[in-house]
file data.txt (compact mmCIF, C-alpha atoms and all ligand atoms)
# COMPACT_ATOMS: atom_id res chain seq x y z
CA MET A 1 -59.83 25.60 160.38
CA ILE A 2 -57.91 26.67 157.28
CA PRO A 3 -59.77 28.91 154.81
CA ALA A 4 -60.15 27.95 151.17
CA ALA A 5 -57.73 29.69 148.80
CA PHE A 6 -58.58 33.29 147.92
CA ASP A 7 -57.06 36.27 146.14
CA TYR A 8 -56.18 39.35 148.17
CA LYS A 9 -56.48 42.94 146.92
CA ARG A 10 -55.72 45.95 149.08
CA ALA A 11 -57.77 49.01 148.18
CA THR A 12 -56.10 52.40 148.51
CA SER A 13 -59.36 54.39 148.33
CA ALA A 14 -63.07 53.81 148.81
CA ALA A 15 -63.60 54.32 145.07
CA GLU A 16 -61.04 51.61 144.27
CA ALA A 17 -62.65 49.25 146.81
CA ILE A 18 -66.06 49.69 145.19
CA SER A 19 -64.56 49.24 141.75
CA LEU A 20 -62.80 45.99 142.77
CA VAL A 21 -65.92 44.53 144.36
CA SER A 22 -67.94 45.50 141.28
CA GLN A 23 -65.34 43.81 139.07
CA TYR A 24 -65.46 40.50 140.95
CA GLY A 25 -69.17 40.59 141.84
CA ASP A 26 -70.55 38.04 144.30
CA ASP A 27 -67.16 36.30 144.48
CA ALA A 28 -65.64 39.29 146.34
CA LYS A 29 -65.99 40.48 149.91
CA PHE A 30 -64.70 43.51 151.78
CA LEU A 31 -62.26 42.75 154.60
CA ALA A 32 -62.47 45.36 157.39
CA GLY A 33 -61.12 44.01 160.70
CA GLY A 34 -61.74 40.39 159.70
CA HIS A 35 -63.26 39.63 163.11
CA SER A 36 -66.43 38.10 161.69
CA LEU A 37 -65.39 37.20 158.16
CA ILE A 38 -62.15 35.30 158.89
CA PRO A 39 -63.76 32.93 161.44
CA LEU A 40 -66.50 32.19 158.90
CA MET A 41 -63.87 31.51 156.23
CA LYS A 42 -61.94 29.23 158.56
CA LEU A 43 -65.11 27.20 159.12
CA ARG A 44 -65.71 27.32 155.33
CA LEU A 45 -69.11 28.89 155.92
CA ALA A 46 -67.89 31.68 153.63
CA GLN A 47 -65.59 31.03 150.67
CA PRO A 48 -65.07 34.32 148.83
CA GLY A 49 -62.71 34.07 145.89
CA VAL A 50 -61.40 37.60 146.43
CA LEU A 51 -60.92 39.65 149.59
CA VAL A 52 -60.81 43.41 149.08
CA ASP A 53 -58.98 44.81 152.11
CA ILE A 54 -60.43 48.17 153.18
CA GLY A 55 -58.85 48.06 156.64
CA ARG A 56 -56.33 50.83 155.94
CA LEU A 57 -58.73 53.38 154.46
CA ASN A 58 -58.28 55.86 157.28
CA ASP A 59 -60.58 58.41 155.65
CA LEU A 60 -63.46 56.03 156.46
CA SER A 61 -62.56 56.17 160.17
CA TYR A 62 -64.13 59.24 161.81
CA ILE A 63 -66.62 60.49 164.36
CA THR A 64 -67.80 63.96 163.32
CA ASP A 65 -70.22 66.38 164.93
CA LYS A 66 -72.51 67.57 162.11
CA GLY A 67 -74.60 69.84 164.33
CA ASP A 68 -77.93 68.01 164.38
CA TYR A 69 -76.40 64.55 163.99
CA ILE A 70 -73.10 62.71 164.47
CA ALA A 71 -71.51 60.95 161.49
CA ILE A 72 -69.47 57.79 162.10
CA GLY A 73 -67.32 56.28 159.36
CA ALA A 74 -67.70 52.59 158.49
CA LEU A 75 -64.12 51.79 159.47
CA THR A 76 -64.31 53.37 162.92
CA ARG A 77 -63.10 50.79 165.43
CA HIS A 78 -65.18 49.84 168.47
CA MET A 79 -62.44 51.08 170.83
CA ARG A 80 -62.61 54.58 169.35
CA ILE A 81 -66.41 54.67 169.76
CA GLU A 82 -66.08 53.45 173.34
CA ASN A 83 -63.59 56.21 174.23
CA CYS A 84 -65.06 59.11 172.24
CA ASP A 85 -65.95 62.06 174.51
CA LEU A 86 -68.45 63.41 171.97
CA LEU A 87 -70.35 60.11 171.89
CA LYS A 88 -70.10 59.66 175.67
CA LYS A 89 -71.83 63.05 176.04
CA GLU A 90 -74.33 62.99 173.16
CA VAL A 91 -74.99 59.26 172.50
CA PRO A 92 -73.85 57.51 175.68
CA LEU A 93 -75.74 54.30 174.82
CA LEU A 94 -73.57 53.77 171.73
CA ALA A 95 -70.29 54.32 173.60
CA HIS A 96 -71.52 52.01 176.35
CA ALA A 97 -72.57 49.28 173.89
CA ALA A 98 -69.22 49.48 172.10
CA SER A 99 -67.44 48.96 175.42
CA HIS A 100 -69.21 45.58 175.75
CA VAL A 101 -68.06 44.16 172.40
CA GLY A 102 -65.76 41.16 172.97
CA ASP A 103 -62.48 42.06 174.61
CA ALA A 104 -59.96 44.87 174.06
CA GLN A 105 -58.29 42.99 171.20
CA VAL A 106 -61.59 42.60 169.35
CA ARG A 107 -62.50 46.24 169.98
CA HIS A 108 -59.17 47.43 168.56
CA ARG A 109 -59.74 45.58 165.25
CA GLY A 110 -63.51 45.33 164.76
CA THR A 111 -65.37 48.13 162.98
CA ILE A 112 -68.86 49.54 163.25
CA GLY A 113 -69.36 49.18 159.49
CA GLY A 114 -68.31 45.54 159.54
CA SER A 115 -70.57 44.83 162.49
CA ILE A 116 -73.58 46.43 160.79
CA ALA A 117 -72.87 44.91 157.36
CA HIS A 118 -72.41 41.47 158.92
CA ALA A 119 -75.80 41.96 160.63
CA ASP A 120 -75.54 39.16 163.17
CA SER A 121 -78.70 39.48 165.26
CA ALA A 122 -76.62 38.70 168.38
CA SER A 123 -74.22 41.62 167.74
CA ASP A 124 -74.32 44.70 169.92
CA LEU A 125 -74.00 47.56 167.44
CA PRO A 126 -76.65 46.67 164.82
CA ALA A 127 -79.34 46.46 167.53
CA THR A 128 -78.06 49.57 169.34
CA THR A 129 -77.90 51.75 166.22
CA LEU A 130 -81.35 50.52 165.17
CA ALA A 131 -82.75 51.40 168.59
CA LEU A 132 -81.13 54.85 168.36
CA GLY A 133 -82.80 55.49 165.00
CA ALA A 134 -79.51 55.69 163.10
CA THR A 135 -79.45 56.43 159.38
CA TYR A 136 -77.15 54.06 157.46
CA VAL A 137 -75.49 55.57 154.40
CA ALA A 138 -74.30 53.14 151.72
CA THR A 139 -72.07 53.90 148.78
CA GLY A 140 -71.69 51.59 145.82
CA ARG A 141 -71.40 51.32 142.09
CA ARG A 142 -74.88 52.70 141.52
CA VAL A 143 -75.27 54.64 144.79
CA SER A 144 -73.17 57.52 146.06
CA ALA A 145 -73.32 59.01 149.56
C1 LIG A 201 -63.60 36.74 169.86
C2 LIG A 201 -64.65 37.68 169.32
C3 LIG A 201 -65.61 38.19 170.18
C4 LIG A 201 -66.60 39.05 169.70
N1 LIG A 201 -67.54 39.53 170.57
C5 LIG A 201 -68.50 40.37 170.11
C6 LIG A 201 -69.48 40.90 171.01
O1 LIG A 201 -69.49 40.66 172.21
N2 LIG A 201 -70.43 41.72 170.48
C7 LIG A 201 -70.47 42.04 169.14
O2 LIG A 201 -71.34 42.81 168.73
N3 LIG A 201 -69.53 41.57 168.28
C8 LIG A 201 -68.57 40.74 168.73
N4 LIG A 201 -67.62 40.25 167.86
C9 LIG A 201 -67.66 40.67 166.44
C10 LIG A 201 -66.96 42.03 166.30
O3 LIG A 201 -67.82 43.01 166.79
C11 LIG A 201 -66.65 42.42 164.84
O4 LIG A 201 -66.02 43.68 164.89
C12 LIG A 201 -67.81 42.64 163.94
O5 LIG A 201 -68.53 41.44 163.81
C13 LIG A 201 -67.39 43.09 162.54
O6 LIG A 201 -66.12 42.61 162.23
P1 LIG A 201 -65.13 43.45 161.34
O7 LIG A 201 -65.36 44.90 161.51
O8 LIG A 201 -63.79 42.91 161.64
O9 LIG A 201 -65.64 43.09 159.86
P2 LIG A 201 -65.17 41.90 158.91
O10 LIG A 201 -65.12 40.62 159.66
O11 LIG A 201 -63.97 42.31 158.15
O12 LIG A 201 -66.41 41.90 157.89
C14 LIG A 201 -67.69 41.39 158.31
C15 LIG A 201 -68.65 41.42 157.09
O13 LIG A 201 -69.01 42.76 156.78
C16 LIG A 201 -68.58 43.11 155.45
N5 LIG A 201 -68.06 44.48 155.56
C17 LIG A 201 -67.09 44.93 156.40
N6 LIG A 201 -66.95 46.25 156.29
C18 LIG A 201 -67.84 46.65 155.34
C19 LIG A 201 -68.15 47.92 154.77
N7 LIG A 201 -67.53 49.05 155.16
N8 LIG A 201 -69.13 47.98 153.81
C20 LIG A 201 -69.76 46.84 153.42
N9 LIG A 201 -69.50 45.62 153.92
C21 LIG A 201 -68.56 45.52 154.87
C22 LIG A 201 -67.51 42.08 155.08
O14 LIG A 201 -67.43 41.87 153.68
C23 LIG A 201 -68.02 40.84 155.80
O15 LIG A 201 -69.05 40.22 155.05
C24 LIG A 201 -66.62 39.39 168.30
C25 LIG A 201 -65.65 38.89 167.44
C26 LIG A 201 -64.65 38.04 167.94
C27 LIG A 201 -63.64 37.50 166.98

call {"tool": "encode", "arguments": {"input": "data.txt", "output": "structure tokens"}}
result
Amino acid sequence: MIPAAFDYKRATSAAEAISLVSQYGDDAKFLAGGHSLIPLMKLRLAQPGVLVDIGRLNDLSYITDKGDYIAIGALTRHMRIENCDLLKKEVPLLAHAASHVGDAQVRHRGTIGGSIAHADSASDLPATTLALGATYVATGRRVSA
């Protein structure tokens, strides 16, 4: 239950995070809340050589009314989605689904982006956002939002 050795880099911006992951390629993984990745690492089912910590990029944590759609940042925690009045009114299924993720501790650390990127078919938010017809916006070395 102890992960293999890895390097740790803390990104201070989304651009730096993308640059670091590009630099280390398949050996690197983003660390958001760590609620799926760290258990996998402890079981040695994942052994990334480098973790790029994006957990403090607060500008990727938002729920914004864009008029004809609502934008949710990748680092928005489940607890915030659960308690968001805008989502409770406009997309109650998403707020409800978020309230069923794990326990309060998990919901305070886990992120919607991590849940969707991890894509566990048993997870609540990938299935819910798919059913709601969500659009997923990815940014990377060759793709910008
Ligand atoms: C005890 C426990 C109970 C749980 N119960 C439930 C449950 O009932 N329902 C449920 O749906 N989930 C449950 N989960 C999982 C939880 O929802 C996690 O929040 C979710 O799996 C994602 O974790 P994270 O945000 O911490 O991402 P991490 O674990 O940090 O990352 C997960 C993966 O996504 C990648 N990643 C993370 N963020 C990004 C990003 N912005 N862009 C690209 N890639 C990214 C990482 O590199 C990694 O591969 C549980 C977890 C625990 C530990």

call {"tool": "closest_residue", "arguments": {"input": "data.txt", "among": "A:Ile63, A:Ile116, A:Leu20, A:Ala74", "to": "A:Leu51", "atoms": "only C-alpha atoms"}}
result
A:Leu20

call {"tool": "closest_atom_pairs", "arguments": {"input": "data.txt", "of": "chain A", "to": "ligand LIG 201 (chain A)", "cutoff": "7 Å", "atoms": "all atoms listed in the file", "output": "CSV"}}
result
residue,atom,partner,partner_atom,distance
A:Lys29,CA,A:LIG201,O14,4.3
A:Phe30,CA,A:LIG201,O14,3.7
A:Leu31,CA,A:LIG201,O11,4.0
A:Ala32,CA,A:LIG201,O11,3.5
A:Gly33,CA,A:LIG201,O8,3.0
A:Gly34,CA,A:LIG201,O11,3.3
A:His35,CA,A:LIG201,O8,3.6
A:Ser36,CA,A:LIG201,O10,3.5
A:Leu37,CA,A:LIG201,O10,3.7
A:Ile38,CA,A:LIG201,O10,6.1
A:Ala74,CA,A:LIG201,N7,4.9
A:Leu75,CA,A:LIG201,N7,6.1
A:His100,CA,A:LIG201,O1,6.1
A:Val101,CA,A:LIG201,O1,3.8
A:Gly102,CA,A:LIG201,N1,3.4
A:Asp103,CA,A:LIG201,C3,6.7
A:Val106,CA,A:LIG201,C26,5.7
A:Arg107,CA,A:LIG201,O4,6.7
A:Arg109,CA,A:LIG201,O8,6.0
A:Gly110,CA,A:LIG201,O4,3.0
A:Thr111,CA,A:LIG201,O7,3.5
A:Ile112,CA,A:LIG201,O7,6.1
A:Gly113,CA,A:LIG201,N7,4.7
A:Gly114,CA,A:LIG201,C17,3.4
A:Ser115,CA,A:LIG201,C13,3.6
A:Ala117,CA,A:LIG201,O13,4.5
A:His118,CA,A:LIG201,C15,4.2
A:Ala122,CA,A:LIG201,O2,6.7
A:Ser123,CA,A:LIG201,O2,3.3
A:Asp124,CA,A:LIG201,O2,3.7
A:Leu125,CA,A:LIG201,O2,5.6

call {"tool": "residues_around", "arguments": {"input": "data.txt", "residues": "stretch 84-98 of chain A", "least_positions_apart": "6", "cutoff": "12 Å", "atoms": "all atoms listed in the file", "output": "PyMOL selection string"}}
result
chain A and resi 62-72+76-78+104+106-108+110-112+115+123-134

call {"tool": "residues_around", "arguments": {"input": "data.txt", "residues": "A:Asp26", "least_positions_apart": "5", "cutoff": "12 Å", "atoms": "only C-alpha atoms", "output": "MDAnalysis selection string"}}
result
chainID A and resid 20:21 46:51

call {"tool": "atom_distance", "arguments": {"input": "data.txt", "atom1": "atom CA of A:Thr139", "atom2": "atom CA of A:Tyr8"}}
result
21.6 Å

call {"tool": "closest_residue", "arguments": {"input": "data.txt", "among": "A:Glu82, A:Ile2, A:Arg10, A:Ser19", "to": "A:Leu43", "atoms": "only C-alpha atoms"}}
result
A:Ile2

call {"tool": "closest_residue", "arguments": {"input": "data.txt", "among": "A:Val52, A:Leu60, A:Ala4, A:Leu45", "to": "A:Ala28", "atoms": "only C-alpha atoms"}}
result
A:Val52

call {"tool": "atom_distance", "arguments": {"input": "data.txt", "atom1": "atom CA of A:Ser22", "atom2": "atom CA of A:Arg141"}}
result
6.8 Å

call {"tool": "closest_residue", "arguments": {"input": "data.txt", "among": "A:Asp59, A:Lys9, A:Met41, A:Ile54", "to": "A:Gln23", "atoms": "only C-alpha atoms"}}
result
A:Lys9

call {"tool": "atom_distance", "arguments": {"input": "data.txt", "atom1": "atom CA of A:Arg142", "atom2": "atom CA of A:Ser121"}}
result
27.4 Å
